[in-house]
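The file protein.cif contains mmCIF, C-alpha atoms:
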data_structure
loop_
_atom_site.group_PDB
_atom_site.id
_atom_site.type_symbol
_atom_site.label_atom_id
_atom_site.label_comp_id
_atom_site.auth_asym_id
_atom_site.auth_seq_id
_atom_site.Cartn_x
_atom_site.Cartn_y
_atom_site.Cartn_z
ATOM 1 C CA MET D 128 -10.922 27.000 -11.918
ATOM 2 C CA PRO D 129 -10.883 23.771 -13.985
ATOM 3 C CA ALA D 130 -7.435 24.661 -15.379
ATOM 4 C CA ASN D 131 -6.138 25.424 -11.902
ATOM 5 C CA SER D 132 -7.589 22.176 -10.591
ATOM 6 C CA ASP D 133 -5.934 20.188 -13.381
ATOM 7 C CA PHE D 134 -2.618 21.885 -12.660
ATOM 8 C CA GLN D 135 -2.854 21.004 -8.967
ATOM 9 C CA GLN D 136 -3.678 17.407 -9.794
ATOM 10 C CA ALA D 137 -0.675 17.236 -12.102
ATOM 11 C CA ILE D 138 1.606 18.603 -9.364
ATOM 12 C CA GLN D 139 0.233 16.108 -6.856
ATOM 13 C CA ALA D 140 0.750 13.272 -9.315
ATOM 14 C CA ALA D 141 4.328 14.360 -9.912
ATOM 15 C CA GLN D 142 4.985 14.549 -6.187
ATOM 16 C CA ARG D 143 3.602 11.080 -5.639
ATOM 17 C CA SER D 144 5.751 9.539 -8.336
ATOM 18 C CA ALA D 145 8.965 11.430 -7.516
ATOM 19 C CA LEU D 146 11.665 9.343 -5.865
ATOM 20 C CA VAL D 147 13.433 11.339 -3.171
ATOM 21 C CA GLY D 148 15.706 8.393 -2.378
ATOM 22 C CA PRO D 149 16.319 6.293 -5.496
ATOM 23 C CA ASN D 150 18.995 4.219 -3.736
ATOM 24 C CA VAL D 151 17.418 4.011 -0.300
ATOM 25 C CA LEU D 152 16.088 0.477 -0.739
ATOM 26 C CA ARG D 153 19.451 -0.842 -1.864
ATOM 27 C CA LYS D 154 21.066 0.674 1.230
ATOM 28 C CA ALA D 155 18.325 -0.252 3.677
ATOM 29 C CA LEU D 156 17.692 -3.913 2.828
ATOM 30 C CA PRO D 157 21.025 -5.245 4.188
ATOM 31 C CA VAL D 158 20.337 -3.361 7.428
ATOM 32 C CA VAL D 159 16.876 -4.926 7.677
ATOM 33 C CA GLY D 160 18.387 -8.370 7.149
ATOM 34 C CA GLY D 161 21.064 -7.732 9.743
ATOM 35 C CA GLY D 162 18.437 -6.506 12.189
ATOM 36 C CA MET D 163 16.449 -9.714 11.778
ATOM 37 C CA VAL D 164 19.578 -11.805 12.457
ATOM 38 C CA LEU D 165 20.308 -9.777 15.601
ATOM 39 C CA THR D 166 16.693 -10.185 16.682
ATOM 40 C CA ALA D 167 17.012 -13.955 16.307
ATOM 41 C CA ALA D 168 20.133 -13.812 18.491
ATOM 42 C CA GLY D 169 18.192 -11.818 21.090
ATOM 43 C CA VAL D 170 15.393 -14.408 21.035
ATOM 44 C CA LEU D 171 17.856 -17.245 21.607
ATOM 45 C CA GLY D 172 19.472 -15.356 24.458
ATOM 46 C CA GLY D 173 16.104 -14.686 26.068
ATOM 47 C CA MET D 174 15.026 -18.320 25.685
ATOM 48 C CA ALA D 175 18.255 -19.514 27.275
ATOM 49 C CA LEU D 176 17.795 -17.148 30.223
ATOM 50 C CA LEU D 177 14.133 -18.116 30.583
ATOM 51 C CA ALA D 178 15.106 -21.792 30.755
ATOM 52 C CA SER D 179 17.976 -21.321 33.196
ATOM 53 C CA SER D 180 16.785 -18.423 35.399
ATOM 54 C CA PRO D 181 13.064 -17.688 34.963
ATOM 55 C CA ALA D 182 13.037 -15.500 38.097
ATOM 56 C CA LEU D 183 15.726 -13.294 36.567
ATOM 57 C CA PHE D 184 14.063 -13.196 33.167
ATOM 58 C CA THR D 185 10.904 -11.368 34.312
ATOM 59 C CA PRO D 186 12.536 -8.192 35.697
ATOM 60 C CA LEU D 187 14.981 -8.085 32.787
ATOM 61 C CA PHE D 188 12.079 -8.422 30.364
ATOM 62 C CA PHE D 189 10.398 -5.284 31.725
ATOM 63 C CA VAL D 190 13.691 -3.372 31.757
ATOM 64 C CA ALA D 191 14.303 -4.396 28.134
ATOM 65 C CA LEU D 192 10.735 -3.498 27.166
ATOM 66 C CA ILE D 193 10.955 0.009 28.605
ATOM 67 C CA GLY D 194 14.462 0.514 27.232
ATOM 68 C CA ASN D 195 13.340 -0.671 23.814
ATOM 69 C CA PHE D 196 10.453 1.795 23.781
ATOM 70 C CA ILE D 197 12.752 4.713 24.606
ATOM 71 C CA LEU D 198 15.475 3.512 22.255
ATOM 72 C CA PHE D 199 13.049 3.382 19.337
ATOM 73 C CA PHE D 200 12.265 7.089 19.475
ATOM 74 C CA VAL D 201 15.913 8.044 20.017
ATOM 75 C CA ALA D 202 17.111 5.875 17.126
ATOM 76 C CA GLN D 203 14.330 7.079 14.821
ATOM 77 C CA ASN D 204 15.115 10.725 15.539
ATOM 78 C CA VAL D 205 18.846 10.261 14.954
ATOM 79 C CA ALA D 206 18.279 8.225 11.780
ATOM 80 C CA MET D 207 15.884 10.806 10.340
ATOM 81 C CA LYS D 208 18.641 13.401 10.668
ATOM 82 C CA GLY D 209 20.936 11.186 8.584
ATOM 83 C CA ASN D 210 23.390 10.748 11.471
ATOM 84 C CA ASN D 211 24.059 7.155 10.486
ATOM 85 C CA SER D 212 27.251 6.624 12.486
ATOM 86 C CA THR D 213 25.270 7.199 15.684
ATOM 87 C CA ALA D 214 22.034 5.567 14.527
ATOM 88 C CA LEU D 215 23.585 2.228 13.532
ATOM 89 C CA PRO D 216 24.728 1.135 17.023
ATOM 90 C CA LEU D 217 21.400 2.319 18.413
ATOM 91 C CA LEU D 218 19.532 0.177 15.893
ATOM 92 C CA THR D 219 21.832 -2.764 16.635
ATOM 93 C CA THR D 220 20.969 -2.551 20.329
ATOM 94 C CA TYR D 221 17.295 -2.057 19.505
ATOM 95 C CA SER D 222 17.234 -5.236 17.394
ATOM 96 C CA LEU D 223 18.843 -7.318 20.151
ATOM 97 C CA LEU D 224 16.454 -5.985 22.799
ATOM 98 C CA THR D 225 13.482 -6.612 20.511
ATOM 99 C CA GLY D 226 14.523 -10.240 20.183
ATOM 100 C CA PHE D 227 14.851 -10.555 23.955
ATOM 101 C CA THR D 228 11.330 -9.193 24.488
ATOM 102 C CA LEU D 229 9.943 -11.649 21.911
ATOM 103 C CA SER D 230 11.487 -14.726 23.519
ATOM 104 C CA GLY D 231 8.477 -15.342 25.788
ATOM 105 C CA LEU D 232 6.085 -15.363 22.825
ATOM 106 C CA VAL D 233 8.375 -17.708 20.907
ATOM 107 C CA VAL D 234 8.550 -20.095 23.867
ATOM 108 C CA GLN D 235 4.745 -20.004 24.165
ATOM 109 C CA ALA D 236 4.383 -20.830 20.465
ATOM 110 C CA GLN D 237 6.846 -23.688 20.858
ATOM 111 C CA LEU D 238 4.940 -25.114 23.822
ATOM 112 C CA VAL D 239 1.526 -24.771 22.183
ATOM 113 C CA ALA D 240 2.271 -25.718 18.579
ATOM 114 C CA GLY D 241 5.827 -27.075 18.551
ATOM 115 C CA ALA D 242 9.022 -25.784 16.982
ATOM 116 C CA GLY D 243 7.374 -26.016 13.580
ATOM 117 C CA ALA D 244 5.247 -22.991 14.465
ATOM 118 C CA ILE D 245 8.344 -20.802 14.705
ATOM 119 C CA ALA D 246 9.664 -22.128 11.413
ATOM 120 C CA THR D 247 6.276 -21.575 9.776
ATOM 121 C CA ALA D 248 6.129 -17.968 10.957
ATOM 122 C CA ALA D 249 9.695 -17.310 9.808
ATOM 123 C CA ILE D 250 9.146 -18.892 6.385
ATOM 124 C CA ALA D 251 5.845 -17.063 5.872
ATOM 125 C CA THR D 252 7.531 -13.769 6.777
ATOM 126 C CA GLY D 253 10.360 -14.510 4.343
ATOM 127 C CA ILE D 254 7.964 -15.380 1.518
ATOM 128 C CA THR D 255 6.081 -12.139 2.134
ATOM 129 C CA PHE D 256 9.348 -10.223 1.926
ATOM 130 C CA VAL D 257 10.244 -11.805 -1.430
ATOM 131 C CA LEU D 258 6.803 -11.151 -2.926
ATOM 132 C CA ALA D 259 6.696 -7.596 -1.585
ATOM 133 C CA SER D 260 10.155 -6.821 -2.925
ATOM 134 C CA VAL D 261 9.062 -7.910 -6.404
ATOM 135 C CA PHE D 262 5.567 -6.441 -6.609
ATOM 136 C CA GLY D 263 5.780 -3.561 -4.123
ATOM 137 C CA ARG D 264 8.381 -1.748 -6.211
ATOM 138 C CA ARG D 265 6.163 -2.010 -9.285
ATOM 139 C CA MET D 266 2.936 -0.669 -7.815
ATOM 140 C CA SER D 267 1.428 2.292 -9.586
ATOM 141 C CA ASP D 268 0.866 5.520 -7.675
ATOM 142 C CA ASP D 269 -2.888 4.905 -7.535
ATOM 143 C CA VAL D 270 -2.487 1.393 -6.142
ATOM 144 C CA GLY D 271 0.297 2.389 -3.773
ATOM 145 C CA GLN D 272 -1.621 5.357 -2.387
ATOM 146 C CA ALA D 273 -4.841 3.369 -2.018
ATOM 147 C CA LEU D 274 -3.166 0.402 -0.337
ATOM 148 C CA GLY D 275 -1.243 2.753 1.951
ATOM 149 C CA GLY D 276 -4.495 4.379 3.049
ATOM 150 C CA VAL D 277 -6.149 1.023 3.730
ATOM 151 C CA VAL D 278 -3.151 -0.183 5.731
ATOM 152 C CA GLY D 279 -3.060 3.046 7.733
ATOM 153 C CA LEU D 280 -6.725 2.720 8.681
ATOM 154 C CA GLY D 281 -6.201 -0.953 9.417
ATOM 155 C CA VAL D 282 -3.368 -0.225 11.843
ATOM 156 C CA VAL D 283 -5.568 2.267 13.703
ATOM 157 C CA GLY D 284 -8.351 -0.306 13.936
ATOM 158 C CA LEU D 285 -5.887 -2.950 15.084
ATOM 159 C CA LEU D 286 -4.551 -0.715 17.856
ATOM 160 C CA ILE D 287 -8.088 0.019 19.054
ATOM 161 C CA ALA D 288 -8.931 -3.686 19.127
ATOM 162 C CA MET D 289 -5.747 -4.476 21.070
ATOM 163 C CA VAL D 290 -6.472 -1.751 23.623
ATOM 164 C CA VAL D 291 -10.005 -3.116 24.080
ATOM 165 C CA GLN D 292 -8.559 -6.606 24.507
ATOM 166 C CA LEU D 293 -6.024 -5.394 27.083
ATOM 167 C CA VAL D 294 -8.444 -3.271 29.121
ATOM 168 C CA GLY D 295 -11.170 -5.892 28.935
ATOM 169 C CA GLY D 296 -8.760 -8.554 30.148
ATOM 170 C CA ILE D 297 -7.867 -6.421 33.179
ATOM 171 C CA PHE D 298 -11.444 -5.815 34.302
ATOM 172 C CA PHE D 299 -13.046 -9.045 33.061
ATOM 173 C CA PRO D 300 -10.856 -12.137 33.504
ATOM 174 C CA GLY D 301 -11.092 -14.394 30.488
ATOM 175 C CA PHE D 302 -12.023 -11.547 28.164
ATOM 176 C CA GLY D 303 -9.882 -11.211 25.051
ATOM 177 C CA GLY D 304 -9.008 -14.838 24.510
ATOM 178 C CA GLY D 305 -10.413 -17.409 22.126
ATOM 179 C CA GLY D 306 -12.325 -15.868 19.242
ATOM 180 C CA LEU D 307 -11.231 -12.272 19.863
ATOM 181 C CA GLU D 308 -7.552 -13.219 19.955
ATOM 182 C CA LEU D 309 -7.991 -15.253 16.770
ATOM 183 C CA MET D 310 -9.676 -12.305 15.060
ATOM 184 C CA ILE D 311 -7.000 -9.816 16.172
ATOM 185 C CA ALA D 312 -4.151 -12.131 15.187
ATOM 186 C CA GLY D 313 -5.662 -12.819 11.771
ATOM 187 C CA PHE D 314 -6.441 -9.172 11.118
ATOM 188 C CA GLY D 315 -2.954 -8.117 12.229
ATOM 189 C CA THR D 316 -1.384 -10.667 9.895
ATOM 190 C CA VAL D 317 -3.354 -9.349 6.915
ATOM 191 C CA ILE D 318 -2.580 -5.708 7.776
ATOM 192 C CA PHE D 319 1.158 -6.249 8.028
ATOM 193 C CA ILE D 320 1.254 -8.292 4.842
ATOM 194 C CA GLY D 321 -0.245 -5.221 3.192
ATOM 195 C CA ALA D 322 2.251 -2.984 5.005
ATOM 196 C CA ALA D 323 5.115 -5.086 3.632
ATOM 197 C CA PHE D 324 4.052 -4.229 0.081
ATOM 198 C CA VAL D 325 3.446 -0.584 0.942
ATOM 199 C CA ASP D 326 6.950 -0.231 2.406
ATOM 200 C CA PHE D 327 8.608 -0.982 -0.918
ATOM 201 C CA TYR D 328 6.437 1.634 -2.583
ATOM 202 C CA THR D 329 6.698 4.392 0.012
ATOM 203 C CA MET D 330 10.299 4.144 1.175
ATOM 204 C CA PRO D 331 11.958 5.660 -1.936
ATOM 205 C CA ARG D 332 9.268 8.348 -1.928
ATOM 206 C CA THR D 333 9.652 9.183 1.764
ATOM 207 C CA TYR D 334 13.322 8.880 2.723
ATOM 208 C CA THR D 335 16.404 10.340 1.097
ATOM 209 C CA ASP D 336 19.395 8.124 0.463
ATOM 210 C CA ASP D 337 21.044 9.489 3.632
ATOM 211 C CA GLN D 338 17.989 8.493 5.684
ATOM 212 C CA TYR D 339 18.200 4.835 4.742
ATOM 213 C CA LEU D 340 18.513 3.749 8.387
ATOM 214 C CA ALA D 341 15.202 5.438 9.207
ATOM 215 C CA GLY D 342 13.616 3.588 6.296
ATOM 216 C CA ALA D 343 15.242 0.344 7.423
ATOM 217 C CA LEU D 344 13.793 0.795 10.917
ATOM 218 C CA GLY D 345 10.271 1.210 9.525
ATOM 219 C CA MET D 346 10.585 -1.859 7.301
ATOM 220 C CA TYR D 347 12.147 -3.879 10.117
ATOM 221 C CA LEU D 348 9.160 -3.108 12.352
ATOM 222 C CA THR D 349 6.775 -4.213 9.610
ATOM 223 C CA TYR D 350 8.348 -7.665 9.364
ATOM 224 C CA ILE D 351 8.798 -8.074 13.114
ATOM 225 C CA ASN D 352 5.114 -7.296 13.614
ATOM 226 C CA LEU D 353 4.177 -9.661 10.801
ATOM 227 C CA PHE D 354 6.194 -12.428 12.473
ATOM 228 C CA ILE D 355 4.539 -11.659 15.829
ATOM 229 C CA PHE D 356 0.993 -11.759 14.476
ATOM 230 C CA ILE D 357 1.611 -14.962 12.535
ATOM 231 C CA LEU D 358 2.866 -16.552 15.756
ATOM 232 C CA ARG D 359 -0.168 -15.228 17.638
ATOM 233 C CA LEU D 360 -2.425 -16.621 14.919
ATOM 234 C CA ILE D 361 -0.792 -20.061 15.155
ATOM 235 C CA ILE D 362 -1.086 -20.005 18.951
ATOM 236 C CA ALA D 363 -4.751 -18.977 18.758
ATOM 237 C CA ILE D 364 -5.568 -21.659 16.184
ATOM 238 C CA ASN D 365 -3.996 -24.276 18.467
ATOM 239 C CA GLY D 366 -5.994 -23.089 21.468
ATOM 240 C CA GLY D 367 -3.180 -21.250 23.215
ATOM 241 C CA GLY D 368 -5.021 -17.948 22.990
ATOM 242 C CA ARG D 369 -7.776 -19.066 25.336
ATOM 243 C CA ARG D 370 -7.876 -17.464 28.737
ATOM 244 C CA GLU D 371 -9.592 -19.671 31.263
#
Rewrite the coordinates I just gave you, this time as structure tokens.
Amino acid sequence: MPANSDFQQAIQAAQRSALVGPNVLRKALPVVGGGMVLTAAGVLGGMALLASSPALFTPLFFVALIGNFILFFVAQNVAMKGNNSTALPLLTTYSLLTGFTLSGLVVQAQLVAGAGAIATAAIATGITFVLASVFGRRMSDDVGQALGGVVGLGVVGLLIAMVVQLVGGIFFPGFGGGGLELMIAGFGTVIFIGAAFVDFYTMPRTYTDDQYLAGALGMYLTYINLFIFILRLIIAINGGGRRE
């Protein structure tokens, strides 16, 4: 039994360290960057519409939100199959719609904390990307696996807290603002900083080179969520998270 156990541990170690997509990061990173640029364009478009036709913005926001949700699963499925010629336009549309749905949050941050809040969130996200790209690639299997597990549990806890905040706000007006929003925003920021490092470790071990668009989608979502939670944290710190 001890010999068999050692053999199994050796196999598991080899599987953890094996790179199934040695070039996937090189292929995916330009797509992630392009997605962020398209998202910024979507934000600007949404802000312009919100300023000029707020009555039109609301129904379009919900249409974009529902369409974005559906488009995510379609694009992910196509990208996982390596059908990149079809997945790329889907991801392009997804990035633009994501930006449009974020425009309300960006406007709120601008009103509460000024334009500097948006710049701060963008710069902090960029710095995280640089640090993660340097250190995430170099993580050992033990560190990468452990950090991945912590991040996974953290995301589950974050989702539970957000559901409690949403449901509580529906039944108890004023619930979910102030301290709870500050806690959720801060916790979400920490979790997605960790996820940024994990992405650079897991992507070459999860996706083949042909699945680079699927990997790019996962990494894109990490940085979009990081940007969102940093903005929420800034808004909460400046009192904008209170619900009177």
* **Which of D:Phe262, D:Phe314, D:Phe188, D:Phe199 sits closest to Leu353 in chain D [using all atoms listed in the file]** =>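 Among the listed residues, D:Phe314 lies closest to Leu353 in chain D.
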* To do: Give as a PyMOL selection string the set of residues within 12 Å of the point (20.5, 1.1, -3.5), where distances use the file's coordinates and all atoms listed in the file.
  => chain D and resi 148-158+330-331+335-337+339
* Option closest in space to Ser230 in chain D, from D:Leu307, D:Met289, D:Val201, D:Ile245 [counting all atoms listed in the file] -> D:Ile245
Skipping near chain neighbours, those fewer than 6 positions away, what residues fall within 10 Å of range 176-181 of chain D using all atoms listed in the file, listed as a JSON list (two decimals) with C-alpha atoms, in the coordinates of the input?
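Listing of result-v4.json after writing:
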[["chain", "number", "residue", "atom", "x", "y", "z"],
["D", 170, "VAL", "CA", 15.39, -14.41, 21.04],
["D", 187, "LEU", "CA", 14.98, -8.09, 32.79],
["D", 188, "PHE", "CA", 12.08, -8.42, 30.36],
["D", 227, "PHE", "CA", 14.85, -10.56, 23.96],
["D", 230, "SER", "CA", 11.49, -14.73, 23.52],
["D", 231, "GLY", "CA", 8.48, -15.34, 25.79],
["D", 234, "VAL", "CA", 8.55, -20.10, 23.87]]
* Could you give me, as an MDAnalysis selection string, the residues within 12 Å of range 362-368 of chain D, counting only C-alpha atoms and dropping anything in the same chain fewer than 5 positions from it? => chainID D and resid 232:245 247:248 292 301:313 355:357
* Name the residues that the PyMOL selection byres ((chain D and resi 207) around 10) pulls out of this structure, and write them as JSON, numbers by chain. => {"D": [202, 203, 204, 205, 206, 208, 209, 210, 211, 214, 334, 335, 337, 338, 339, 340, 341, 342]}
Give the padded box for range 213-222 of chain D as AutoDock Vina command-line options: axis-aligned, covering all atoms listed in the file, 8 Å on each side, centre and edge lengths in Å to one decimal.
--center_x 21.3 --center_y 1.0 --center_z 16.9 --size_x 24.0 --size_y 28.4 --size_z 22.8
* Evaluate the PyMOL selection byres ((chain D and resi 249-257) around 12) here and jot the selected residues down as a ChimeraX atom specification. => /D:156,159-160,163-164,167,233,242-248,258-264,316-317,319-327,346-347,349-358,361
* To do: Please evaluate the PyMOL selection byres ((chain D and resi 269-273) around 9) against the displayed coordinates and give the resulting residues as a list in words.
  =>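 Taken over the shown coordinates, the PyMOL selection byres ((chain D and resi 269-273) around 9) returns Arg143, Gly263, Met266, Ser267, Asp268, Leu274, Gly275, Gly276, Val277, Val278, Phe324, Val325, Tyr328 and Thr329 of chain D.
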* To do: To one decimal in Å, tell me the separation between CA of Gly169 in chain D and CA of Leu218 in chain D.
  =>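 We find that CA of Gly169 in chain D and CA of Leu218 in chain D lie 13.1 Å from each other.
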* To do: State, in Å with one decimal place, the distance from CA of Ile193 in chain D to CA of Gly226 in chain D.
  =>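 Distance reported for this atom pair: 13.7 Å.
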* May I ask for the distance between CA of Leu198 in chain D and CA of Leu217 in chain D, given in Å to one decimal place? =>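 Going from CA of Leu198 in chain D over to CA of Leu217 in chain D covers 7.2 Å.
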* **Ser222 in chain D environment, 7 Å, only C-alpha atoms, sequence neighbours closer than 3 positions dropped, as a PyMOL selection string** => chain D and resi 162+165-166+218-219+225-226
